[in-house]
file protein.tsv (TSV, C-alpha atoms)
chain	number	residue	atom	x	y	z
R	248	MET	CA	43.09	77.56	52.24
R	249	ASP	CA	46.15	75.32	52.03
R	250	ILE	CA	45.28	73.57	48.76
R	251	ILE	CA	48.21	71.14	48.97
R	252	LYS	CA	47.08	69.95	52.39
R	253	GLU	CA	43.49	69.67	51.15
R	254	ILE	CA	44.47	67.62	48.07
R	255	ILE	CA	46.51	65.16	50.13
R	256	THR	CA	43.86	64.92	52.88
R	257	GLN	CA	41.08	64.38	50.33
R	258	ALA	CA	43.06	61.67	48.50
R	259	ARG	CA	43.99	59.91	51.74
R	260	GLN	CA	40.33	59.35	52.59
R	261	PHE	CA	40.47	56.55	50.00
R	262	GLU	CA	43.66	54.99	51.41
R	263	GLY	CA	43.30	51.24	51.85
R	264	GLU	CA	40.67	50.79	49.14
R	265	THR	CA	41.61	47.56	47.42
R	266	GLU	CA	40.69	45.70	44.28
R	267	THR	CA	38.03	43.21	45.34
R	268	GLY	CA	36.15	42.30	42.17
R	269	GLY	CA	39.05	41.44	39.87
R	270	GLN	CA	41.77	43.59	38.35
R	271	ASN	CA	40.92	47.31	38.60
R	272	ARG	CA	37.51	46.51	40.11
R	273	SER	CA	35.77	47.24	43.43
R	274	PRO	CA	32.68	49.27	44.34
R	275	PHE	CA	34.87	52.37	44.82
R	276	ILE	CA	36.95	51.85	41.67
R	277	ASP	CA	33.83	51.15	39.61
R	278	LYS	CA	32.25	54.35	40.98
R	279	ILE	CA	35.13	56.58	39.89
R	280	ASN	CA	35.52	54.85	36.52
R	281	ILE	CA	31.79	55.35	35.83
R	282	TRP	CA	32.12	59.00	36.90
R	283	MET	CA	35.10	59.71	34.60
R	284	PRO	CA	34.32	60.43	30.94
R	285	LEU	CA	36.29	58.14	28.60
R	286	ALA	CA	36.89	55.55	31.35
R	287	GLU	CA	35.28	52.13	31.43
R	288	LEU	CA	34.80	49.53	34.14
R	289	GLY	CA	38.04	47.67	34.69
R	290	ASP	CA	40.25	50.47	33.37
R	291	PRO	CA	43.36	51.54	35.29
R	292	TYR	CA	42.38	54.24	37.78
R	293	CYS	CA	45.52	56.09	38.89
R	294	MET	CA	44.61	59.32	37.07
R	295	THR	CA	40.88	58.83	37.52
R	296	GLY	CA	41.37	58.68	41.30
R	297	ILE	CA	43.24	61.97	41.30
R	298	CYS	CA	40.67	63.64	39.01
R	299	TYR	CA	37.90	62.41	41.31
R	300	THR	CA	39.76	63.81	44.33
R	301	LEU	CA	40.05	67.22	42.64
R	302	HIS	CA	36.35	67.06	41.70
R	303	LEU	CA	35.39	66.52	45.34
R	304	LEU	CA	37.50	69.52	46.35
R	305	GLU	CA	35.79	71.61	43.67
R	306	GLU	CA	32.41	70.74	45.17
R	307	GLN	CA	33.50	71.18	48.78
R	308	PHE	CA	35.26	74.53	48.40
R	309	LEU	CA	33.39	75.94	45.37
R	310	ILE	CA	36.55	76.16	43.30
R	311	LYS	CA	37.46	75.13	39.77
R	312	PHE	CA	40.70	73.42	38.77
R	313	ASP	CA	42.16	74.59	35.47
R	314	LEU	CA	43.21	71.07	34.56
R	315	PRO	CA	42.05	68.46	32.06
R	316	LYS	CA	39.75	65.63	33.09
R	317	HIS	CA	41.20	62.60	31.40
R	318	PRO	CA	41.70	59.01	32.64
R	319	GLY	CA	45.08	58.57	30.95
R	320	ALA	CA	48.07	59.85	32.94
R	321	ILE	CA	50.24	60.70	29.92
R	322	ASP	CA	47.32	62.33	28.09
R	323	PHE	CA	46.45	64.34	31.22
R	324	TYR	CA	50.02	65.61	31.47
R	325	GLU	CA	50.22	66.49	27.78
R	326	LEU	CA	46.84	68.29	27.89
R	327	ALA	CA	47.78	70.35	30.97
R	328	LYS	CA	48.75	73.97	30.37
R	329	PRO	CA	52.53	74.55	30.22
R	330	LYS	CA	52.35	77.09	33.06
R	331	TYR	CA	51.64	74.23	35.52
R	332	LYS	CA	54.61	72.11	34.41
R	333	THR	CA	57.62	72.25	36.71
R	334	HIS	CA	60.95	70.56	37.43
R	335	LEU	CA	60.54	70.57	41.21
R	336	PHE	CA	59.83	67.48	43.28
R	337	GLU	CA	57.73	69.30	45.91
R	338	ILE	CA	54.99	68.10	48.22
R	339	GLY	CA	51.63	68.24	46.48
R	340	ASN	CA	53.00	68.12	42.94
R	341	LEU	CA	51.89	65.35	40.62
R	342	VAL	CA	54.66	63.22	39.19
R	343	PHE	CA	54.01	61.37	35.95
R	344	TRP	CA	55.68	58.15	34.91
R	345	LYS	CA	55.78	56.25	31.63
R	346	PHE	CA	55.87	52.48	31.57
R	347	LYS	CA	59.00	51.10	29.94
R	348	THR	CA	56.90	48.46	28.17
R	349	GLY	CA	54.46	50.70	26.29
R	350	PRO	CA	52.74	54.03	25.80
R	351	HIS	CA	50.81	54.08	29.06
R	352	GLY	CA	51.66	55.99	32.19
R	353	HIS	CA	51.11	56.29	35.91
R	354	VAL	CA	50.78	59.21	38.31
R	355	SER	CA	51.66	59.87	41.97
R	356	ILE	CA	51.04	62.68	44.43
R	357	ILE	CA	54.27	63.69	46.16
R	358	VAL	CA	53.62	63.61	49.92
R	359	GLY	CA	57.19	64.03	51.22
R	360	GLU	CA	60.49	65.54	50.13
R	361	PRO	CA	63.00	63.32	48.29
R	362	ASP	CA	65.92	62.08	50.37
R	363	GLU	CA	69.58	62.18	49.30
R	364	ASN	CA	69.02	59.08	47.11
R	365	GLY	CA	65.95	60.52	45.37
R	366	ASN	CA	63.45	58.37	47.28
R	367	PHE	CA	60.23	60.07	48.31
R	368	PRO	CA	56.85	59.08	49.77
R	369	ALA	CA	54.08	59.15	47.18
R	370	PHE	CA	50.35	58.60	47.39
R	371	GLU	CA	48.85	56.61	44.55
R	372	PHE	CA	45.69	55.12	43.18
R	373	ASN	CA	46.15	51.77	41.38
R	374	VAL	CA	49.38	50.68	43.00
R	375	VAL	CA	50.49	47.32	44.40
R	376	VAL	CA	51.86	47.30	47.94
R	377	GLY	CA	52.78	43.87	49.25
R	378	ASP	CA	50.10	41.54	47.87
R	379	GLU	CA	47.37	44.19	47.66
R	380	ALA	CA	46.42	46.36	44.70
R	381	GLY	CA	44.59	49.54	45.51
R	382	VAL	CA	45.07	53.00	47.00
R	383	PHE	CA	48.17	53.37	49.18
R	384	GLU	CA	51.19	55.42	50.12
R	385	THR	CA	54.36	54.01	48.61
R	386	VAL	CA	57.95	55.06	47.96
R	387	ARG	CA	59.12	56.20	44.54
R	388	ASN	CA	62.43	57.46	43.22
R	389	THR	CA	62.92	60.64	41.23
R	390	LYS	CA	64.63	58.62	38.49
R	391	GLY	CA	61.92	55.96	38.22
R	392	ASP	CA	62.40	52.23	38.69
R	393	SER	CA	62.60	48.96	36.76
R	394	ASP	CA	59.04	49.43	35.39
R	395	LEU	CA	58.61	53.20	35.18
R	396	ASP	CA	60.58	56.08	33.69
R	397	PHE	CA	60.15	59.63	34.99
R	398	TYR	CA	57.99	61.63	32.55
R	399	GLY	CA	57.07	65.00	34.08
R	400	LEU	CA	55.79	67.06	37.00
R	401	LEU	CA	52.78	69.32	37.47
R	402	ASN	CA	52.38	71.94	40.18
R	403	ILE	CA	48.62	71.87	40.69
R	404	SER	CA	48.68	74.12	43.77
R	405	THR	CA	48.15	77.18	41.56
R	406	ALA	CA	45.80	75.51	39.06
R	407	TRP	CA	42.54	76.56	40.72
R	408	LYS	CA	40.34	79.58	41.27
R	409	ALA	CA	37.11	80.41	43.09
R	410	LYS	CA	33.95	79.78	41.09

call {"tool": "encode", "arguments": {"input": "protein.tsv", "output": "structure tokens"}}
result
Amino acid sequence: MDIIKEIITQARQFEGETETGGQNRSPFIDKINIWMPLAELGDPYCMTGICYTLHLLEEQFLIKFDLPKHPGAIDFYELAKPKYKTHLFEIGNLVFWKFKTGPHGHVSIIVGEPDENGNFPAFEFNVVVGDEAGVFETVRNTKGDSDLDFYGLLNISTAWKAK
């Protein structure tokens, strides 16, 4: 099984889901926030969306990811085992960001290699593209941007085993 391909394919099934019931709210977003321990309706859902994606893969392929289940991106990264932390911007890795304005973070799935300027395609839950907030592919930079600083990377392609 190509786990990287499966993670990206599974996540992309939610592409185009948008916030329809207020900030961080829609039937889909509410469903994953209810599913996730520690999350509440209306909470940010970037990490929750990825955890839900991994959960679906666990059920589909009868595997178990050796990763925390936590709705906070920075907490998830800090709780992950050091052996999954990496310095490589590779397809399928999770990249974690920290907001410049506070302690909270954000997470992306790398879906393409960085170009010579550090720009790379990323798939994200809880991102704004144009005038829509939701689940979309976007472009990030390895150094961050005006709102986000780079925080860390996880290689989750080896963080699973058969049940």

call {"tool": "atom_distance", "arguments": {"input": "protein.tsv", "atom1": "atom CA of Met294 of chain R", "atom2": "atom CA of Gly319 of chain R"}}
result
6.2 Å

call {"tool": "residues_around", "arguments": {"input": "protein.tsv", "residues": "segment 375-389 of chain R", "least_positions_apart": "6", "cutoff": "7 Å", "atoms": "only C-alpha atoms", "output": "MDAnalysis selection string"}}
result
chainID R and resid 261:266 365:369 397

call {"tool": "closest_residue", "arguments": {"input": "protein.tsv", "among": "R:Asp322, R:Leu395, R:Gly359, R:Ile255", "to": "Leu301 of chain R", "atoms": "only C-alpha atoms"}}
result
R:Ile255

call {"tool": "atom_distance", "arguments": {"input": "protein.tsv", "atom1": "atom CA of Thr256 of chain R", "atom2": "atom CA of Ile310 of chain R"}}
result
16.5 Å

call {"tool": "atom_distance", "arguments": {"input": "protein.tsv", "atom1": "atom CA of Lys316 of chain R", "atom2": "atom CA of Pro361 of chain R"}}
result
27.9 Å

call {"tool": "closest_residue", "arguments": {"input": "protein.tsv", "among": "R:Gly391, R:Gly339, R:Gly349, R:Gly399", "to": "Ile254 of chain R", "atoms": "all atoms listed in the file"}}
result
R:Gly339

call {"tool": "closest_residue", "arguments": {"input": "protein.tsv", "among": "R:Asp277, R:Glu325, R:Glu360, R:Glu253", "to": "Phe308 of chain R", "atoms": "only C-alpha atoms"}}
result
R:Glu253

call {"tool": "decode", "arguments": {"input": "protein.tsv", "residues": "segment 255-268 of chain R", "atoms": "all heavy atoms", "output": "mmCIF file, in the first residue's frame"}}
result
data_model
loop_
_atom_site.group_PDB
_atom_site.id
_atom_site.type_symbol
_atom_site.label_atom_id
_atom_site.label_comp_id
_atom_site.auth_asym_id
_atom_site.auth_seq_id
_atom_site.Cartn_x
_atom_site.Cartn_y
_atom_site.Cartn_z
ATOM 1 N N ILE R 255 -3.389 11.331 0.980
ATOM 2 C CA ILE R 255 -3.775 12.474 0.147
ATOM 3 C C ILE R 255 -5.123 12.222 -0.522
ATOM 4 O O ILE R 255 -5.985 13.107 -0.544
ATOM 5 C CB ILE R 255 -2.669 12.788 -0.880
ATOM 6 C CG1 ILE R 255 -1.413 13.293 -0.135
ATOM 7 C CG2 ILE R 255 -3.136 13.796 -1.915
ATOM 8 C CD1 ILE R 255 -0.164 13.390 -0.989
ATOM 9 N N THR R 256 -5.332 11.028 -1.050
ATOM 10 C CA THR R 256 -6.612 10.690 -1.698
ATOM 11 C C THR R 256 -7.759 10.777 -0.699
ATOM 12 O O THR R 256 -8.822 11.324 -1.012
ATOM 13 C CB THR R 256 -6.538 9.281 -2.323
ATOM 14 O OG1 THR R 256 -5.497 9.274 -3.304
ATOM 15 C CG2 THR R 256 -7.853 8.884 -2.959
ATOM 16 N N GLN R 257 -7.553 10.229 0.488
ATOM 17 C CA GLN R 257 -8.605 10.258 1.516
ATOM 18 C C GLN R 257 -8.932 11.690 1.907
ATOM 19 O O GLN R 257 -10.093 12.064 2.015
ATOM 20 C CB GLN R 257 -8.157 9.461 2.742
ATOM 21 C CG GLN R 257 -9.222 9.294 3.798
ATOM 22 C CD GLN R 257 -10.309 8.323 3.379
ATOM 23 O OE1 GLN R 257 -10.051 7.304 2.780
ATOM 24 N NE2 GLN R 257 -11.533 8.655 3.674
ATOM 25 N N ALA R 258 -7.919 12.526 2.114
ATOM 26 C CA ALA R 258 -8.156 13.922 2.487
ATOM 27 C C ALA R 258 -8.883 14.675 1.375
ATOM 28 O O ALA R 258 -9.797 15.459 1.636
ATOM 29 C CB ALA R 258 -6.835 14.608 2.825
ATOM 30 N N ARG R 259 -8.492 14.409 0.133
ATOM 31 C CA ARG R 259 -9.081 15.137 -0.996
ATOM 32 C C ARG R 259 -10.571 14.845 -1.194
ATOM 33 O O ARG R 259 -11.254 15.610 -1.853
ATOM 34 C CB ARG R 259 -8.328 14.828 -2.287
ATOM 35 C CG ARG R 259 -7.016 15.575 -2.406
ATOM 36 C CD ARG R 259 -6.487 15.444 -3.830
ATOM 37 N NE ARG R 259 -5.183 16.018 -3.978
ATOM 38 C CZ ARG R 259 -4.944 17.319 -4.153
ATOM 39 N NH1 ARG R 259 -5.935 18.178 -4.178
ATOM 40 N NH2 ARG R 259 -3.705 17.755 -4.299
ATOM 41 N N GLN R 260 -11.071 13.768 -0.611
ATOM 42 C CA GLN R 260 -12.500 13.513 -0.755
ATOM 43 C C GLN R 260 -13.334 14.617 -0.101
ATOM 44 O O GLN R 260 -14.503 14.791 -0.413
ATOM 45 C CB GLN R 260 -12.882 12.141 -0.199
ATOM 46 C CG GLN R 260 -12.971 12.084 1.301
ATOM 47 C CD GLN R 260 -13.569 10.801 1.809
ATOM 48 O OE1 GLN R 260 -14.466 10.249 1.195
ATOM 49 N NE2 GLN R 260 -13.060 10.330 2.924
ATOM 50 N N PHE R 261 -12.709 15.385 0.806
ATOM 51 C CA PHE R 261 -13.416 16.470 1.481
ATOM 52 C C PHE R 261 -13.163 17.830 0.828
ATOM 53 O O PHE R 261 -13.676 18.851 1.292
ATOM 54 C CB PHE R 261 -13.014 16.514 2.958
ATOM 55 C CG PHE R 261 -13.218 15.208 3.659
ATOM 56 C CD1 PHE R 261 -12.139 14.498 4.163
ATOM 57 C CD2 PHE R 261 -14.488 14.669 3.787
ATOM 58 C CE1 PHE R 261 -12.321 13.284 4.801
ATOM 59 C CE2 PHE R 261 -14.688 13.442 4.417
ATOM 60 C CZ PHE R 261 -13.602 12.752 4.927
ATOM 61 N N GLU R 262 -12.368 17.841 -0.246
ATOM 62 C CA GLU R 262 -12.032 19.100 -0.918
ATOM 63 C C GLU R 262 -13.303 19.814 -1.369
ATOM 64 O O GLU R 262 -14.213 19.202 -1.922
ATOM 65 C CB GLU R 262 -11.126 18.842 -2.119
ATOM 66 C CG GLU R 262 -10.560 20.105 -2.724
ATOM 67 C CD GLU R 262 -9.411 19.828 -3.681
ATOM 68 O OE1 GLU R 262 -9.186 18.662 -4.059
ATOM 69 O OE2 GLU R 262 -8.739 20.799 -4.030
ATOM 70 N N GLY R 263 -13.360 21.107 -1.095
ATOM 71 C CA GLY R 263 -14.518 21.909 -1.479
ATOM 72 C C GLY R 263 -15.555 22.049 -0.385
ATOM 73 O O GLY R 263 -16.489 22.840 -0.522
ATOM 74 N N GLU R 264 -15.417 21.298 0.707
ATOM 75 C CA GLU R 264 -16.308 21.511 1.853
ATOM 76 C C GLU R 264 -16.078 22.934 2.343
ATOM 77 O O GLU R 264 -14.937 23.356 2.507
ATOM 78 C CB GLU R 264 -16.016 20.524 2.986
ATOM 79 C CG GLU R 264 -16.398 19.102 2.696
ATOM 80 C CD GLU R 264 -17.893 18.827 2.862
ATOM 81 O OE1 GLU R 264 -18.619 19.685 3.413
ATOM 82 O OE2 GLU R 264 -18.326 17.754 2.415
ATOM 83 N N THR R 265 -17.148 23.662 2.563
ATOM 84 C CA THR R 265 -17.006 25.051 2.990
ATOM 85 C C THR R 265 -17.795 25.311 4.266
ATOM 86 O O THR R 265 -18.701 24.563 4.614
ATOM 87 C CB THR R 265 -17.481 26.033 1.900
ATOM 88 O OG1 THR R 265 -18.845 25.757 1.598
ATOM 89 C CG2 THR R 265 -16.631 25.923 0.648
ATOM 90 N N GLU R 266 -17.413 26.383 4.922
ATOM 91 C CA GLU R 266 -18.121 26.804 6.127
ATOM 92 C C GLU R 266 -19.456 27.407 5.701
ATOM 93 O O GLU R 266 -19.493 28.367 4.934
ATOM 94 C CB GLU R 266 -17.275 27.804 6.905
ATOM 95 C CG GLU R 266 -15.985 27.176 7.399
ATOM 96 C CD GLU R 266 -15.065 28.134 8.124
ATOM 97 O OE1 GLU R 266 -15.474 29.290 8.412
ATOM 98 O OE2 GLU R 266 -13.923 27.730 8.405
ATOM 99 N N THR R 267 -20.545 26.809 6.167
ATOM 100 C CA THR R 267 -21.876 27.242 5.735
ATOM 101 C C THR R 267 -22.759 27.687 6.884
ATOM 102 O O THR R 267 -23.789 28.296 6.661
ATOM 103 C CB THR R 267 -22.605 26.106 4.986
ATOM 104 O OG1 THR R 267 -22.695 24.971 5.858
ATOM 105 C CG2 THR R 267 -21.878 25.731 3.712
ATOM 106 N N GLY R 268 -22.378 27.384 8.112
ATOM 107 C CA GLY R 268 -23.219 27.717 9.260
ATOM 108 C C GLY R 268 -22.526 28.659 10.215
ATOM 109 O O GLY R 268 -22.722 28.578 11.414
#
